[in-house]
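**Student:** Structure file input-v3.csv, CSV, C-alpha atoms, is pasted below:
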chain,number,residue,atom,x,y,z
A,1,MET,CA,94.4,57.7,86.7
A,2,LYS,CA,97.5,58.1,88.9
A,3,LEU,CA,97.1,61.8,88.9
A,4,GLU,CA,93.4,61.6,89.9
A,5,ASN,CA,94.4,59.2,92.8
A,6,ASN,CA,97.2,61.5,94.0
A,7,LYS,CA,95.3,64.7,93.4
A,8,LYS,CA,94.6,65.5,97.1
A,9,ARG,CA,98.3,64.8,98.0
A,10,ILE,CA,99.6,67.1,95.3
A,11,LEU,CA,97.2,69.9,96.2
A,12,LEU,CA,98.2,69.5,99.9
A,13,ILE,CA,101.9,69.9,99.0
A,14,ILE,CA,101.3,72.9,96.8
A,15,SER,CA,99.1,74.5,99.5
A,16,PHE,CA,101.7,73.9,102.2
A,17,ILE,CA,104.5,75.5,100.0
A,18,ALA,CA,102.2,78.4,99.2
A,19,LEU,CA,101.4,78.9,102.9
A,20,ILE,CA,105.0,78.8,104.0
A,21,LEU,CA,106.0,81.4,101.3
A,22,ARG,CA,103.3,83.7,102.6
A,23,ILE,CA,104.3,83.3,106.3
A,24,LEU,CA,107.8,84.4,105.3
A,25,TRP,CA,106.3,87.8,104.4
A,26,PHE,CA,103.9,88.1,107.4
A,27,PHE,CA,106.1,90.6,109.3
A,28,ALA,CA,106.6,93.0,106.4
A,29,GLU,CA,104.9,96.3,107.1
A,30,SER,CA,103.8,98.3,104.1
A,31,GLY,CA,103.1,102.0,104.1
A,32,ASP,CA,99.4,101.3,103.8
A,33,TYR,CA,99.5,99.2,107.0
A,34,ILE,CA,101.5,101.8,108.9
A,35,TYR,CA,99.5,104.9,107.8
A,36,PHE,CA,96.0,103.4,107.3
A,37,LEU,CA,95.1,100.0,108.5
A,38,LYS,CA,96.9,100.1,111.9
A,39,PRO,CA,95.5,103.6,112.8
A,40,TRP,CA,92.0,102.5,111.8
A,41,ILE,CA,92.2,99.5,114.1
A,42,GLU,CA,93.5,101.7,116.9
A,43,SER,CA,90.6,104.1,116.4
A,44,ILE,CA,88.2,101.2,116.5
A,45,ARG,CA,89.7,100.1,119.8
A,46,GLU,CA,89.4,103.6,121.2
A,47,LEU,CA,85.8,103.9,120.2
A,48,GLY,CA,84.9,100.6,121.9
A,49,GLY,CA,85.1,97.9,119.3
A,50,PHE,CA,81.7,97.2,117.6
A,51,LYS,CA,80.5,100.6,118.7
A,52,ALA,CA,82.9,102.1,116.3
A,53,LEU,CA,80.8,100.8,113.4
A,54,ALA,CA,78.6,103.8,113.9
A,55,TYR,CA,81.4,106.0,112.7
A,56,ASN,CA,83.1,106.6,109.4
A,57,ILE,CA,86.5,105.0,110.0
A,58,GLY,CA,88.7,104.5,106.9
A,59,ASP,CA,87.4,104.4,103.3
A,60,TYR,CA,86.4,100.8,103.0
A,61,ASN,CA,82.8,99.5,103.0
A,62,VAL,CA,81.3,98.1,106.2
A,63,PRO,CA,82.1,94.4,105.7
A,64,TYR,CA,85.8,94.9,105.6
A,65,VAL,CA,85.7,97.4,108.5
A,66,PHE,CA,83.6,94.7,110.4
A,67,ILE,CA,86.6,92.3,109.9
A,68,LEU,CA,89.0,94.9,111.2
A,69,THR,CA,86.7,95.4,114.1
A,70,ILE,CA,86.9,91.7,115.0
A,71,ILE,CA,90.7,91.9,114.7
A,72,SER,CA,90.7,94.9,117.1
A,73,TYR,CA,89.6,92.6,119.9
A,74,PHE,CA,92.8,90.5,119.6
A,75,LYS,CA,95.4,91.7,122.1
A,76,CYS,CA,98.2,91.7,119.6
A,77,GLU,CA,99.7,93.7,116.7
A,78,PRO,CA,97.0,93.6,114.0
A,79,LEU,CA,99.4,93.0,111.2
A,80,ILE,CA,99.3,89.2,111.3
A,81,PRO,CA,95.5,88.8,111.7
A,82,ILE,CA,94.9,91.2,108.8
A,83,LYS,CA,97.2,89.1,106.5
A,84,ILE,CA,95.7,85.8,107.7
A,85,VAL,CA,92.3,87.0,106.5
A,86,THR,CA,93.6,87.9,103.1
A,87,VAL,CA,95.7,84.7,102.8
A,88,LEU,CA,92.6,82.6,103.6
A,89,PHE,CA,90.8,84.2,100.6
A,90,ASP,CA,93.9,83.5,98.5
A,91,PHE,CA,93.1,79.9,99.0
A,92,VAL,CA,89.4,80.4,98.4
A,93,LEU,CA,90.2,82.1,95.1
A,94,ALA,CA,92.5,79.2,94.1
A,95,ILE,CA,89.9,76.6,95.0
A,96,TYR,CA,87.2,78.2,92.9
A,97,GLY,CA,89.8,78.7,90.1
A,98,TYR,CA,90.3,75.0,90.3
A,99,LYS,CA,86.6,74.3,90.2
A,100,ILE,CA,85.9,76.6,87.2
A,101,ILE,CA,88.7,75.0,85.2
A,102,LYS,CA,87.5,71.5,86.2
A,103,LYS,CA,83.9,72.4,85.3
A,104,ILE,CA,84.9,73.6,81.8
A,105,THR,CA,87.7,71.2,80.8
A,106,ASN,CA,87.1,68.2,83.1
A,107,ASN,CA,90.9,68.0,83.2
A,108,THR,CA,92.5,67.4,86.5
A,109,LEU,CA,96.0,68.4,85.4
A,110,TYR,CA,94.8,71.8,84.1
A,111,SER,CA,92.9,72.3,87.3
A,112,ILE,CA,95.9,71.6,89.4
A,113,ILE,CA,98.0,73.9,87.3
A,114,GLY,CA,95.4,76.6,87.6
A,115,TYR,CA,95.3,76.2,91.4
A,116,SER,CA,99.1,76.4,91.7
A,117,THR,CA,99.5,79.3,89.3
A,118,LEU,CA,96.9,81.4,91.2
A,119,LEU,CA,98.6,80.8,94.6
A,120,PHE,CA,102.0,81.6,93.2
A,121,LEU,CA,101.1,84.5,90.9
A,122,PRO,CA,103.3,87.4,91.9
A,123,THR,CA,100.5,90.0,92.3
A,124,VAL,CA,98.5,87.5,94.5
A,125,LEU,CA,101.5,86.8,96.7
A,126,ILE,CA,102.5,90.5,97.0
A,127,ASN,CA,99.0,91.8,97.4
A,128,GLY,CA,98.0,89.9,100.5
A,129,ALA,CA,101.0,88.3,102.3
A,130,MET,CA,103.4,91.2,101.8
A,131,TRP,CA,101.3,94.3,101.2
A,132,GLY,CA,98.4,93.4,103.5
A,133,GLN,CA,95.7,94.3,101.0
A,134,CYS,CA,92.4,92.5,100.6
A,135,ASP,CA,91.8,92.2,96.8
A,136,SER,CA,91.7,88.5,97.0
A,137,ILE,CA,88.5,88.8,99.1
A,138,TYR,CA,86.3,90.4,96.5
A,139,SER,CA,88.0,88.5,93.7
A,140,ALA,CA,87.3,85.2,95.4
A,141,PHE,CA,83.6,86.0,95.6
A,142,ILE,CA,83.6,87.0,91.9
A,143,PHE,CA,85.1,83.6,91.1
A,144,ILE,CA,82.3,81.9,93.1
A,145,SER,CA,79.8,84.1,91.2
A,146,LEU,CA,81.3,83.0,87.9
A,147,TYR,CA,81.2,79.4,89.0
A,148,TYR,CA,77.5,79.5,89.5
A,149,LEU,CA,77.0,81.7,86.4
A,150,LEU,CA,78.6,79.0,84.2
A,151,ASP,CA,76.3,76.5,85.9
A,152,LYS,CA,73.3,78.8,85.1
A,153,LYS,CA,72.4,79.1,88.8
A,154,TYR,CA,71.8,82.8,88.4
A,155,THR,CA,70.4,83.6,91.8
A,156,LYS,CA,73.4,82.2,93.6
A,157,SER,CA,75.7,83.9,91.1
A,158,PHE,CA,74.2,87.3,91.8
A,159,ILE,CA,74.2,86.8,95.5
A,160,PHE,CA,77.9,86.2,95.5
A,161,PHE,CA,78.4,89.1,93.1
A,162,GLY,CA,76.6,91.2,95.8
A,163,ILE,CA,78.9,89.9,98.5
A,164,SER,CA,81.9,90.8,96.3
A,165,PHE,CA,80.5,94.3,95.7
A,166,ALA,CA,80.0,94.8,99.4
A,167,PHE,CA,83.7,94.3,99.9
A,168,LYS,CA,85.1,96.2,96.9
A,169,LEU,CA,83.6,98.6,94.4
A,170,GLN,CA,86.1,97.3,91.8
A,171,SER,CA,83.9,94.2,91.4
A,172,VAL,CA,81.8,96.3,89.0
A,173,PHE,CA,84.5,96.1,86.4
A,174,ILE,CA,83.1,92.7,85.4
A,175,LEU,CA,79.5,93.8,85.6
A,176,PRO,CA,79.2,94.5,81.8
A,177,LEU,CA,79.4,90.7,81.3
A,178,TYR,CA,76.3,90.2,83.4
A,179,VAL,CA,74.5,93.0,81.6
A,180,LEU,CA,75.3,91.4,78.2
A,181,LEU,CA,74.1,88.0,79.5
A,182,TYR,CA,70.8,89.6,80.7
A,183,PHE,CA,69.9,90.5,77.1
A,184,ARG,CA,70.7,87.0,75.8
A,185,GLU,CA,69.8,84.7,78.6
A,186,LYS,CA,66.1,84.5,79.3
A,187,ASP,CA,66.6,83.1,82.8
A,188,ILE,CA,68.4,86.2,84.0
A,189,LYS,CA,65.9,88.6,85.3
A,190,LEU,CA,66.0,92.2,86.4
A,191,TYR,CA,65.5,91.2,90.0
A,192,HIS,CA,68.9,89.4,89.9
A,193,PHE,CA,70.6,92.8,89.5
A,194,ILE,CA,68.6,94.2,92.4
A,195,LEU,CA,70.1,91.5,94.6
A,196,ILE,CA,73.4,93.2,94.4
A,197,PRO,CA,72.5,96.4,96.3
A,198,ILE,CA,70.2,94.4,98.6
A,199,ILE,CA,73.1,92.1,99.6
A,200,ASN,CA,75.3,95.1,100.1
A,201,ILE,CA,72.8,96.7,102.5
A,202,MET,CA,72.4,93.4,104.3
A,203,MET,CA,76.1,93.1,104.8
A,204,CYS,CA,76.2,96.6,106.1
A,205,LEU,CA,73.6,95.9,108.8
A,206,PRO,CA,76.1,95.7,111.7
A,207,ALA,CA,76.9,99.4,111.1
A,208,ILE,CA,73.2,100.4,110.6
A,209,ILE,CA,72.3,98.5,113.8
A,210,MET,CA,75.0,100.4,115.7
A,211,GLY,CA,73.5,103.7,114.6
A,212,ARG,CA,75.0,104.6,111.2
A,213,SER,CA,72.4,105.8,108.7
A,214,ILE,CA,71.5,103.9,105.5
A,215,GLN,CA,72.3,107.0,103.5
A,216,ASP,CA,75.7,107.3,105.0
A,217,VAL,CA,76.4,103.6,104.2
A,218,LEU,CA,75.2,104.0,100.6
A,219,MET,CA,77.5,107.0,100.2
A,220,ILE,CA,80.7,105.1,101.1
A,221,TYR,CA,81.5,104.2,97.5
A,222,VAL,CA,80.5,107.6,96.2
A,223,ASN,CA,82.8,109.2,98.7
A,224,GLN,CA,85.6,106.7,97.7
A,225,THR,CA,85.6,107.9,94.1
A,226,GLY,CA,86.3,111.5,95.3
A,227,THR,CA,89.1,110.6,97.8
A,228,TYR,CA,91.8,111.0,95.2
A,229,THR,CA,92.1,113.7,92.6
A,230,ASN,CA,94.9,112.1,90.5
A,231,LEU,CA,93.8,110.9,87.1
A,232,VAL,CA,95.8,107.7,87.8
A,233,MET,CA,97.8,106.2,90.7
A,234,ASN,CA,100.9,104.3,89.7
A,235,PHE,CA,99.0,102.3,87.0
A,236,ALA,CA,99.7,102.0,83.3
A,237,ASN,CA,96.6,103.1,81.5
A,238,ILE,CA,95.7,105.9,79.1
A,239,TYR,CA,96.1,108.6,81.8
A,240,SER,CA,99.7,107.6,82.5
A,241,LEU,CA,100.5,109.6,79.4
A,242,ILE,CA,99.7,112.8,81.3
A,243,ASP,CA,100.3,111.6,84.8
A,244,GLY,CA,102.2,114.3,86.8
A,245,THR,CA,101.3,117.0,84.3
A,246,GLU,CA,99.9,120.2,85.9
A,247,ILE,CA,96.6,120.5,84.0
A,248,GLY,CA,94.5,122.2,86.6
A,249,PHE,CA,91.5,120.9,88.5
A,250,PHE,CA,88.9,121.9,85.8
A,251,TYR,CA,90.7,120.0,83.1
A,252,ASN,CA,91.4,117.1,85.4
A,253,GLU,CA,87.6,116.7,86.1
A,254,LEU,CA,86.8,117.2,82.4
A,255,ILE,CA,89.3,114.5,81.3
A,256,SER,CA,87.8,112.2,84.0
A,257,LYS,CA,84.3,112.6,82.7
A,258,ILE,CA,85.4,112.1,79.1
A,259,GLY,CA,87.1,108.9,80.1
A,260,ILE,CA,84.0,107.6,81.8
A,261,VAL,CA,81.9,108.5,78.7
A,262,ILE,CA,84.4,106.7,76.4
A,263,THR,CA,84.3,103.6,78.6
A,264,MET,CA,80.5,103.5,78.6
A,265,LEU,CA,80.5,104.1,74.8
A,266,ILE,CA,82.8,101.1,74.3
A,267,TYR,CA,80.6,98.9,76.4
A,268,PHE,CA,77.5,100.2,74.6
A,269,LEU,CA,79.0,99.4,71.2
A,270,VAL,CA,79.7,95.8,72.3
A,271,TRP,CA,76.2,95.5,73.7
A,272,LEU,CA,74.8,96.7,70.4
A,273,TYR,CA,77.0,94.2,68.5
A,274,VAL,CA,75.8,91.4,70.8
A,275,LEU,CA,72.1,92.3,70.1
A,276,VAL,CA,72.5,92.8,66.3
A,277,LYS,CA,74.5,89.6,65.9
A,278,LYS,CA,72.2,87.7,68.3
A,279,VAL,CA,75.2,86.3,70.0
A,280,ARG,CA,74.7,83.0,71.8
A,281,PHE,CA,77.0,82.8,74.8
A,282,ASN,CA,79.0,79.7,75.8
A,283,ASN,CA,81.5,79.2,78.5
A,284,GLU,CA,84.4,80.6,76.4
A,285,LYS,CA,82.6,83.8,75.5
A,286,VAL,CA,81.6,84.3,79.2
A,287,ILE,CA,85.2,84.0,80.5
A,288,THR,CA,86.6,86.0,77.6
A,289,ILE,CA,84.1,88.9,77.9
A,290,GLY,CA,84.6,89.0,81.6
A,291,LEU,CA,88.3,89.4,81.2
A,292,TRP,CA,87.9,92.0,78.4
A,293,SER,CA,85.5,94.0,80.5
A,294,ILE,CA,87.9,94.4,83.4
A,295,ILE,CA,90.8,95.3,81.0
A,296,ILE,CA,88.7,98.0,79.3
A,297,ALA,CA,87.5,99.4,82.7
A,298,THR,CA,90.9,99.7,84.2
A,299,PHE,CA,92.5,101.2,81.0
A,300,PHE,CA,89.9,103.9,80.2
A,301,LEU,CA,88.4,104.8,83.6
A,302,PRO,CA,90.1,107.5,85.7
A,303,ARG,CA,91.4,107.2,89.3
A,304,MET,CA,92.8,103.7,88.8
A,305,HIS,CA,95.3,102.4,91.4
A,306,GLU,CA,98.1,99.9,91.0
A,307,ARG,CA,96.0,97.1,92.5
A,308,TYR,CA,92.8,97.6,90.5
A,309,MET,CA,93.6,95.0,87.8
A,310,PHE,CA,93.9,92.3,90.3
A,311,LEU,CA,90.8,90.5,89.1
A,312,ALA,CA,92.1,90.6,85.5
A,313,ASP,CA,95.4,89.2,86.7
A,314,VAL,CA,93.8,86.1,88.2
A,315,LEU,CA,91.0,85.7,85.6
A,316,SER,CA,93.6,85.9,82.7
A,317,VAL,CA,95.3,82.8,84.2
A,318,LEU,CA,92.0,80.8,84.1
A,319,TRP,CA,91.3,82.0,80.6
A,320,PHE,CA,94.6,80.9,79.3
A,321,ILE,CA,94.8,77.6,81.0
A,322,ILE,CA,91.3,76.7,79.9
A,323,TYR,CA,91.6,77.8,76.2
A,324,GLN,CA,95.3,78.0,75.7
A,325,LYS,CA,95.3,80.8,73.1
A,326,LYS,CA,96.5,84.4,72.9
A,327,GLY,CA,99.1,83.7,75.6
A,328,TYR,CA,100.5,87.2,75.1
A,329,MET,CA,97.4,88.6,76.9
A,330,VAL,CA,97.9,86.8,80.2
A,331,PHE,CA,101.6,87.7,80.1
A,332,VAL,CA,100.9,91.4,79.2
A,333,VAL,CA,98.2,91.8,81.9
A,334,ASN,CA,100.3,90.5,84.6
A,335,ILE,CA,103.4,92.3,83.6
A,336,VAL,CA,101.5,95.6,83.5
A,337,SER,CA,100.2,94.9,87.0
A,338,ILE,CA,103.5,93.8,88.5
A,339,LEU,CA,105.3,96.9,87.0
A,340,SER,CA,102.6,99.1,88.7
A,341,TYR,CA,103.2,97.3,92.0
A,342,PHE,CA,107.0,97.7,91.8
A,343,ARG,CA,106.7,101.4,91.0
A,344,PHE,CA,104.5,102.0,94.1
A,345,LEU,CA,106.0,99.5,96.6
A,346,PHE,CA,109.7,99.6,95.7
A,347,ASP,CA,109.9,103.1,94.2
A,348,PHE,CA,110.9,101.9,90.7
A,349,LYS,CA,110.6,105.4,89.2
A,350,PHE,CA,112.7,104.5,86.2
A,351,ILE,CA,109.6,102.5,84.9
A,352,ASN,CA,107.9,105.0,82.6
A,353,LEU,CA,104.2,103.9,82.8
A,354,GLY,CA,103.4,106.2,79.9
A,355,TYR,CA,105.5,104.0,77.5
A,356,VAL,CA,104.1,100.9,79.1
A,357,SER,CA,100.5,102.1,78.6
A,358,ILE,CA,101.2,102.7,74.8
A,359,ILE,CA,102.4,99.1,74.4
A,360,TYR,CA,99.5,97.8,76.5
A,361,PHE,CA,97.0,99.8,74.4
A,362,ILE,CA,98.2,98.0,71.2
A,363,PHE,CA,97.7,94.7,72.9
A,364,ILE,CA,94.2,95.7,74.0
A,365,ILE,CA,93.2,96.6,70.4
A,366,VAL,CA,94.5,93.2,69.2
A,367,TYR,CA,92.6,91.4,72.0
A,368,THR,CA,89.4,93.4,71.3
A,369,VAL,CA,89.5,92.4,67.7
A,370,TYR,CA,89.8,88.8,68.8
A,371,VAL,CA,86.9,89.2,71.2
A,372,MET,CA,84.7,90.6,68.5
A,373,LYS,CA,85.5,87.7,66.2
A,374,LEU,CA,84.8,85.2,69.0
A,375,LEU,CA,81.4,86.8,69.7
A,376,GLY,CA,80.6,86.7,66.0
A,377,GLU,CA,81.2,82.9,65.7
A,378,GLU,CA,78.4,80.4,65.9
A,379,ASP,CA,78.9,77.6,68.3
A,380,GLY,CA,78.4,75.0,65.6
A,381,ASN,CA,81.1,76.6,63.4
A,382,ARG,CA,83.4,76.7,66.4
A,383,LYS,CA,82.8,73.0,67.1
A,384,ASN,CA,83.5,72.1,63.5
A,385,LYS,CA,86.8,74.1,63.6
A,386,MET,CA,87.9,72.3,66.8
A,387,GLU,CA,87.0,68.9,65.2
A,388,ARG,CA,89.0,69.7,62.1
A,389,ARG,CA,92.0,70.7,64.3
A,390,LYS,CA,91.8,67.3,66.1
A,391,LEU,CA,91.7,65.4,62.8
A,392,GLN,CA,94.7,67.4,61.5
A,393,ARG,CA,96.7,66.4,64.7
A,394,VAL,CA,95.8,62.8,64.2
A,395,SER,CA,96.7,62.7,60.6
Would you write the structure of this file as structure tokens?
**Tutor:**
Amino acid sequence: MKLENNKKRILLIISFIALILRILWFFAESGDYIYFLKPWIESIRELGGFKALAYNIGDYNVPYVFILTIISYFKCEPLIPIKIVTVLFDFVLAIYGYKIIKKITNNTLYSIIGYSTLLFLPTVLINGAMWGQCDSIYSAFIFISLYYLLDKKYTKSFIFFGISFAFKLQSVFILPLYVLLYFREKDIKLYHFILIPIINIMMCLPAIIMGRSIQDVLMIYVNQTGTYTNLVMNFANIYSLIDGTEIGFFYNELISKIGIVITMLIYFLVWLYVLVKKVRFNNEKVITIGLWSIIIATFFLPRMHERYMFLADVLSVLWFIIYQKKGYMVFVVNIVSILSYFRFLFDFKFINLGYVSIIYFIFIIVYTVYVMKLLGEEDGNRKNKMERRKLQRVS
């Protein structure tokens, strides 16, 4: 009862400390800021602010470029405003992490721990406050989407998924979860998925109004996938084993296509398993499959960057705090991410991501076996097991 009464005070103190820690990093300029974000804002200023939305500036989708456009009107160095936007969404992410944990566990202590962990998670701190990246934006909207998904408010869930997608293509890493639910939840309709591109177009309207064609807007993500030709960018996945090897453009493209096919095949086999077993989804299966889906995408898909597992970093925290099992996975996921960050940001070349990826792959296999067992369990059997565990503890 004391904890519940002091909840707001505790959260306020945690938030204050988290904010101060971020402010200390506000003046750090990353290479991405110097060579990309700052020149983009300078181009926007030269083109007349909102008029610049008619042009292809940078490689982000319109909603984030719109934010940069607003920032361009401030008569100051854009570094701090860029970071303030991301830090704001760090807190939105943590708030909805709190709400999801509270919804599932109804435990205030777990919710506060989740809120705190998300705010102080190394990749979250580095990504926004130091690096000036914006991965907490799309991840925050995915958390909101998951919150409504668990509440079976599917229209709201897909709307927020659409907003997340409009900010970052990497939101699709968790899309297989929604596809699986479509085949098992009668209230999820096909039109819910159509909401995703509709929301994307709606959020791109400022650019369309300023004269940019719809086709050009829809091609942004397609063009993004072809920006880099490397099989992997400072990230420990299956392609790290051949990263840096001269294999030629033809074989590079061939390996990329094979990787995409393998990823789709894995998802297809799980989809088949869900249909054959007539899996009934509960909250645990939703969160677990969501995390697994992101891990599989980032490990087997080509062209992954060091930041692309951000959503798995934060979702693994929720999963572990809520269900308190397989703790190795939250540890491994975040270690893999932070090692990738360090290799890129601090030039830790002694970290052999090929070796890291082999160890990571072993953990992914073990985790996948666990996921399949979980999907195969009936809710009733699971409840009985939990009751037996409680009785054993009492005795």
**Student:** Taking into account all atoms listed in the file, which residue in the set A:Arg303, A:Lys8, A:Lys156, A:Lys2 is nearest to Met233 (chain A)?
**Tutor:**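 Looking at the shortest contact to Met233 (chain A), the residue is A:Arg303.
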**Student:** Show me, as a tab-separated table, the residues of region 46-129 of chain A having an atom within 12 Å of region 311-327 of chain A, each with the closest atom pair and its distance in Å, using only C-alpha atoms.
**Tutor:**
residue	atom	partner	partner_atom	distance
A:Asp90	CA	A:Val314	CA	10.6
A:Leu93	CA	A:Val314	CA	8.8
A:Ala94	CA	A:Val314	CA	9.2
A:Ile95	CA	A:Leu318	CA	11.9
A:Tyr96	CA	A:Leu318	CA	10.4
A:Gly97	CA	A:Leu318	CA	6.7
A:Tyr98	CA	A:Leu318	CA	8.7
A:Lys99	CA	A:Leu318	CA	10.4
A:Ile100	CA	A:Leu318	CA	8.0
A:Ile101	CA	A:Ile322	CA	6.1
A:Lys102	CA	A:Ile322	CA	9.0
A:Lys103	CA	A:Ile322	CA	10.1
A:Ile104	CA	A:Ile322	CA	7.4
A:Thr105	CA	A:Ile322	CA	6.6
A:Asn106	CA	A:Ile322	CA	10.0
A:Asn107	CA	A:Ile322	CA	9.3
A:Thr108	CA	A:Ile322	CA	11.5
A:Leu109	CA	A:Ile321	CA	10.3
A:Tyr110	CA	A:Ile321	CA	6.6
A:Ser111	CA	A:Ile321	CA	8.4
A:Ile112	CA	A:Ile321	CA	10.4
A:Ile113	CA	A:Ile321	CA	8.0
A:Gly114	CA	A:Leu318	CA	6.4
A:Tyr115	CA	A:Leu318	CA	9.2
A:Ser116	CA	A:Val317	CA	10.6
A:Thr117	CA	A:Val317	CA	7.5
A:Leu118	CA	A:Val314	CA	6.4
A:Leu119	CA	A:Val314	CA	9.6
A:Phe120	CA	A:Val314	CA	10.6
A:Leu121	CA	A:Val314	CA	7.9
A:Pro122	CA	A:Asp313	CA	9.6
A:Thr123	CA	A:Asp313	CA	7.6
A:Val124	CA	A:Val314	CA	8.0
A:Leu125	CA	A:Val314	CA	11.5
A:Asn127	CA	A:Asp313	CA	11.6
**Student:** Could you work out how far CA of Leu19 (chain A) lies from CA of Ile80 (chain A), giving the answer in Å with one decimal?
**Tutor:**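 Answer for the CA of Ile80 (chain A) to CA of Leu19 (chain A) separation: 13.5 Å.
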**Student:** When you count all atoms listed in the file, which of these residues is closest to Ile201 (chain A): A:Leu169, A:Gly162, A:Leu175, A:Lys189?
**Tutor:**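 Of the candidates, the smallest distance to Ile201 (chain A) is held by A:Gly162.
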**Student:** Report, in Å to a single decimal, how far apart CA of Ile359 (chain A) and CA of Ile338 (chain A) are.
**Tutor:**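 The value is 15.1 Å.
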**Student:** Which polymer residues have any atom within 7 Å of an atom of region 128-144 of chain A, counting only C-alpha atoms, with same-chain residues fewer than 4 positions away left out, as a list in words?
**Tutor:** Arg22, Trp25, Phe26, Ala28, Ser30, Tyr33, Ile82, Lys83, Thr86, Val87, Phe89, Asp90, Val92, Leu93, Tyr96, Gly97, Val124, Tyr148, Phe160, Phe161, Ile163, Ser164, Phe167, Lys168, Ser171, Phe310 and Leu311 of chain A
**Student:** Mind checking which residues fall within 9 Å of region 281-289 of chain A, counting all atoms listed in the file, ignoring those fewer than 2 positions away in the same chain, and posting them as a list in words?
**Tutor:** Ile104, Leu146, Leu149, Leu150, Ile174, Pro176, Leu177, Tyr178, Leu181, Arg184, Glu185, Val279, Leu291, Trp292, Ser293, Ile294, Leu315, Ser316, Leu318, Trp319, Ile322, Tyr323, Val371, Leu374, Leu375 and Asp379 of chain A
**Student:** Work out how far apart CA of Leu53 (chain A) and CA of Ala207 (chain A) are and give it in Å to one decimal.
**Tutor:**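 Value for the CA of Leu53 (chain A)-CA of Ala207 (chain A) distance: 4.7 Å.
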**Student:** Take the point (69.2, 92.5, 73.8) in the file's coordinates, draw a sphere of radius 9 Å around it, and report as a ChimeraX atom specification every protein, DNA or RNA residue with an atom inside or on it, counting all atoms listed in the file.
**Tutor:** /A:180-184,271-272,274-276,278
